[in-house]
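Note sheet for the following structure.
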Amino acid sequence: MHKRLIVVLLALVLPVAAGAANWPEHPVLHAVRVAHGPVIDGDLSDEAWKNAPEFTDFTQHDPDDGKPATLRTSVRIVYDDHAIYFGAKMTDPEKPTGLLVRRDTLGQSDFLSINIDPRHDRLSGNAFTVQPADVQGDTILYNDIGEDSSWDGVWNSAVKIVPDGWIAEVRIPFSQLRFPDKPVHVWGVNITRRTVRTNEVARIVNTRKGDNGFVSHFADIDGLEGIHRGKPLEIVPYSVARSDLLSRRDPNNPLIKSSDYRADGGLDVKYALTSDLTLTGTINPDFGQVEVDPAVVNLSQFETFYPEKRPFFTEGLNIFQFGDTPAPSHFNFIFPPSLFYTRRIGRAPQGLPNADFVDAPSETTILGAAKVTGKMGGFAIGVLDALTAAEHARFVTGTVSGREQVEPMTNYFVSRGTKDIGDGSRIGFMFTSVNRRLPDELSSLRDSAVTGGIDGYSSFLKKSWIFEGSLVGSEVTGSPEAIANTQESSSRYYQRPDAENFHFDPTRTSLSGWGGRAMLSKATGFWRPNVQVEVFSPGFETNDTGFMQRTDIISTHALMQYVNQNPSGPFREKYAWFGVWQNRNFDGNVLDHGAVANLQGLFQNYWTAQTSIFLNPEAISDRLTRGGPLARTPASWSDDLNLGTDSRKTLAFGLNAHADRSADGSFTQNLGVTATARPRPNLQFTAGPTLTRSHDHTGYVSTFDDPTATLTFGRRYLFADLEQRSFEFDTRADWTLSGRLSFQLYLQPFVASGDYHDYHSLAAARTRDYTPFTGAVASPDFNFRSVRGSAVVRWEFRPGSALYVVWNENRANTVPIGDFNFRRDLRAIPTAPSHDVFLVKVSYWLPM
């Protein structure tokens with residue numbers, strides 16, 4: 001297996017040059033230099049526009065792919081020493097649709113999107129979008145078809161509604177773009193116009209439906225001479241005031257204060273090291289999260305994955321994505337390990353004292369962080385380094401009180417580089433490291449961890465096929481206790497008594513592993529095969545800087561995808577995929593396998609429908625007993641159904657349903673409904689109740705020694721029939737007073753219960769036979785009541801400068817009862833302990 005994977009990856013890293021794609025010649029737009037740029041006021045009568053040629057040749061992408069646009073759009077381009085300017089007139093016999101929404105949330109509005117490729121590498125760039133209400137949106141373009149909306153540039157726009165349409169003027173400073181320093185430039189450009197009323201999308205260069213690529217087909221801008229990005233310096237100081245209010249806490253806990261008030265400040269810096277390389281740094285950063293995470297009940301042995309929401313880490317995160325390629329579709333039948341999960345930086349402390357009462361910080365303080373991104377020596381690079389502080393917790397046990405370190409000072413380092421080879425191939429590398437300064441009380445943590453890998457892709461046959469892959473390795477070191485914990489973690493369970501390819505070694509002080517992936521897929525046409533193999537050895541570990549639920553797995557699949565975006569019959573677009581998959585561990589046990597089929601369609605009335613079905617024969621589980629022997633799992637099936645109405649309407653609905661059932665009687669039923677209402681152009685409400693009901697015949701309870709349990713290696717693995725019920729109601733309100741001032745409200749009441757009954761233990765390894773258990777068991781029944789909410793006012797009072805006023809609430813309680821009573825449980829939420837945070841933050845952008 002190792003040799004075959006190395007051969008595959010060598011073929012990837014040393015690709016044969018592919019033939020050039022047979023695309024039409026790129027159109028050319030001419031930019032005119034002016035002494036003084038136009039005033040950005042939505043009026044094209046300015047002297048600067050008079051000598052700029054108009055471009056009006058737009059082609060539809062929707063609804064009639066490849067036909068000329070039905071509405072006239074004219075574009076002019078000028079530039080001066082500091083910026084490039086776009087002036088556009090969108091002719092429309094009816095009033096354009098412009099909704100007041102938050103920045104980067106264009107919704108169902110008309111828009112004009114200016115997409116620029118300043119490096120002219122046919123792969124990357126930036127998009128600047130404006131709509132008739134003068135709401136801005138901006139993104140980073142990467143990998144030809146990728147788009148990252150986390151970036152917020154500083155640029156200007158103005159819009160004017162006129163009797164025969166609307167006008168937009170846009171000023172983009174050169175300081176916000178990245179391009180090489182040379183006397184004459186040719187940039188790539190594509191401009192997209194959307195008209196919601198007719199659902200028409202028109203572009204200067206249209207990528208026909210069924211084809212692949214976006215940036216690679218851009219038109220060109222010529223006439224750009226004597227321009228320089230320079231070495232701009234941007235400084236953003238901030239100040240923040242915060243109050244924490246606690247209510248209904250345990251009155252016997254001497255460590256809890258009812259309130260806490262803090263004020264702080266910091267500085268963000270952005271500096272252009274070269275014309276194509278930028279340093280972003282932060283001192284004493286405010287990495288508080290404005291939007292709260294949803295409440296969940298996780299009874300599995302695996303960690304819950306939460307997406308990143310902190311701006312410093314989300315902005316430009318695409319450069320750190322390992323294994324990312326221009327393939328339009330990727331499929332996985334496991335949760336694949338990642339090398340970089342930004343929420344590890346500033347994580348909750350990992351060590352807590354064993355005491356009656358503990359007061360520990362909820363997150364780790366980040367002392368400082370910096371990242372360098374851009375291009376250097378032909379490589380696109382990203383380097384990030386962050387330092388987190390040591391954290392301490394107070395504790396009380398009886399009459400003894402004290403203070404103990406619960407998180408060590410830690411340095412995180414991540415580097416990423418990619419290099420394009422020819423037209424349609426790329427190689428890349430990634431390296432991460434974590435180093436901790438461990439005190440004696442935290443010897444159970446790993447003191448260092450490194451991961452490294454290479455990845456790449458090569459497209460061929462006119463870029464219609466893509467072959468991609470990666471090879472990664474990892475090593476963690478620490479005390480025997482730390483590495484013992486690593487071996488026994490739910491990611492690998494080295495203590496399994498019937499494992500063949502590994503064994504638990506309590507004397508080890510390091511653990512290493514490897515992984516790899518190879519995929520062949522077709523990127524164009526109606527029928528698109530997709531074949532992949534993923535392999536991760538038992539010792540592979542990424543959870544210090546990445547995210548990984550399990551390793552010791554070989555996952556394969558073979559699928560056929562059908563993509564038809566041409567309108568016919570009742571459909572505007574039709575999609576389907578079907579195939580088979582199999583997951584094995586390194587001992588050769590089949591953990592999961594089956595067949596799948598998925599159908600999806602967009603109807604002529606813009607309603608959507610999707611359904612899928614999975615069929616799973618019997619298999620083996622090496623995780624059910626949580627470190628014990630293998631157990632057999634029953635055959636099962638699952639089905640999903642999703643329906644949605646026309647999202648352009650002022651009232652739209654969505655329905656999501658899931659059902660699954662196993663041969664042992666286990667099942668899950670889930671139903672969710674979402675309603676989105678827009679009573680006014682600047683006001684939107686979204687509400688969605690979800691109800692879930694499940695029965696699990698193998699709900700894990702505990703494990704204990706039993707010399708008579710010879711068929712399960714001297715230990716008893718106890719399970720129960722587990723009845724779970726849950727209800728949640730997600731509510732959002734967005735009120736936008738202007739394109740720069742908005743109010744958001746989020747509220748999620750959530751109740752869940754778990755009732756354990758009919759206890760039984762595994763009768764023998766590698767079976768799904770169970771014997772009733774009549775011994776005493778401490779009831780694990782639970783009833784969880786929670787509400788999480790946030791209210792955020794955001795005012796961008798000048799470009800790059802903002803005021804935030806934030807309220808967050810986390811109110812939750814768990815009681816030891818297993819029944820679900822909808823009315824009782826919801827009425828109990830207001831009496832649950834709560835943690836309310838009020839925060840005011842001001843940041844001010846200072847270009848130097």
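Letters A, B, ... mark the chains of the structure tokens in the order given; residue numbers begin at 1 per chain; ligand numbers begin at 1, in order shown.
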
DSSP on the backbone: what in range 117-287 of chain A comes out strand (DSSP E), as a ChimeraX atom specification? /A:117,125-130,136-142,146-148,156-162,165-173,184-195,200-203,219-225,233-247,259-274,277-283

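Counting only C-alpha atoms, range 597-604 of chain A has the following residues at most 8 Å away, ignoring those fewer than 5 positions along the same chain: A:Pro567, A:Pro570, A:Phe571, A:Arg572, A:Glu573, A:Lys574, A:Tyr575, A:Ala576, A:Trp577, A:Phe578, A:Gly579, A:Ala609, A:Gln610, A:Thr611, A:Ser612, A:Ile613, A:Phe614.
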
Show which residues sit within 9 Å of Arg178 in chain A, as a list of chain:residue names. Count only C-alpha atoms, and ignore same-chain residues fewer than 4 positions away.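 Near neighbours after the sequence-gap exclusion: A:Pro118, A:Arg119, A:Gly125, A:Phe174, A:Arg229, A:Ser275, A:Asp276, A:Leu277, A:Thr278, A:Gly374, A:Lys375.
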
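Of the residues in range 153-330 of chain A, those that DSSP places in alpha helix (DSSP H) on the basis of the backbone are A:Pro311, A:Phe312, A:Phe313, A:Thr314.
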
Write out as number ranges by chain the residues lying within 7 Å of Pro336 in chain A, counting only C-alpha atoms and excluding same-chain residues fewer than 2 positions away. A: 334, 338, 548

Which residue of A:Asp65, A:Glu169, A:Asp544, A:Asp836 approaches Trp49 in chain A most closely, using only C-alpha atoms: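 Among A:Asp65, A:Glu169, A:Asp544, A:Asp836, it is A:Glu169 that comes nearest to Trp49 in chain A.
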
Would you kindly return, as an mmCIF file with C-alpha atoms, in the first residue's frame, each protein, DNA or RNA residue with an atom no farther than 6 Å from any atom of Ser464 in chain A, considering only C-alpha atoms and excluding same-chain residues fewer than 2 positions away?
```
data_model
loop_
_atom_site.group_PDB
_atom_site.id
_atom_site.type_symbol
_atom_site.label_atom_id
_atom_site.label_comp_id
_atom_site.auth_asym_id
_atom_site.auth_seq_id
_atom_site.Cartn_x
_atom_site.Cartn_y
_atom_site.Cartn_z
ATOM 1 C CA LEU A 461 -7.536 16.546 -21.801
ATOM 2 C CA LYS A 462 -8.356 20.260 -22.163
ATOM 3 C CA LYS A 522 -14.029 14.638 -14.502
ATOM 4 C CA ALA A 523 -14.751 18.367 -14.258
ATOM 5 C CA THR A 524 -16.848 18.994 -17.379
#
```

Would you mind reading off the distance between CA of Thr509 in chain A and CA of Ile345 in chain A, one decimal, in Å? 24.1 Å

From the list A:Leu224, A:Ile140, A:Ala202, A:Leu630, which residue is nearest Pro183 in chain A when using only C-alpha atoms?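 Of the candidates, the smallest distance to Pro183 in chain A is held by A:Leu224.
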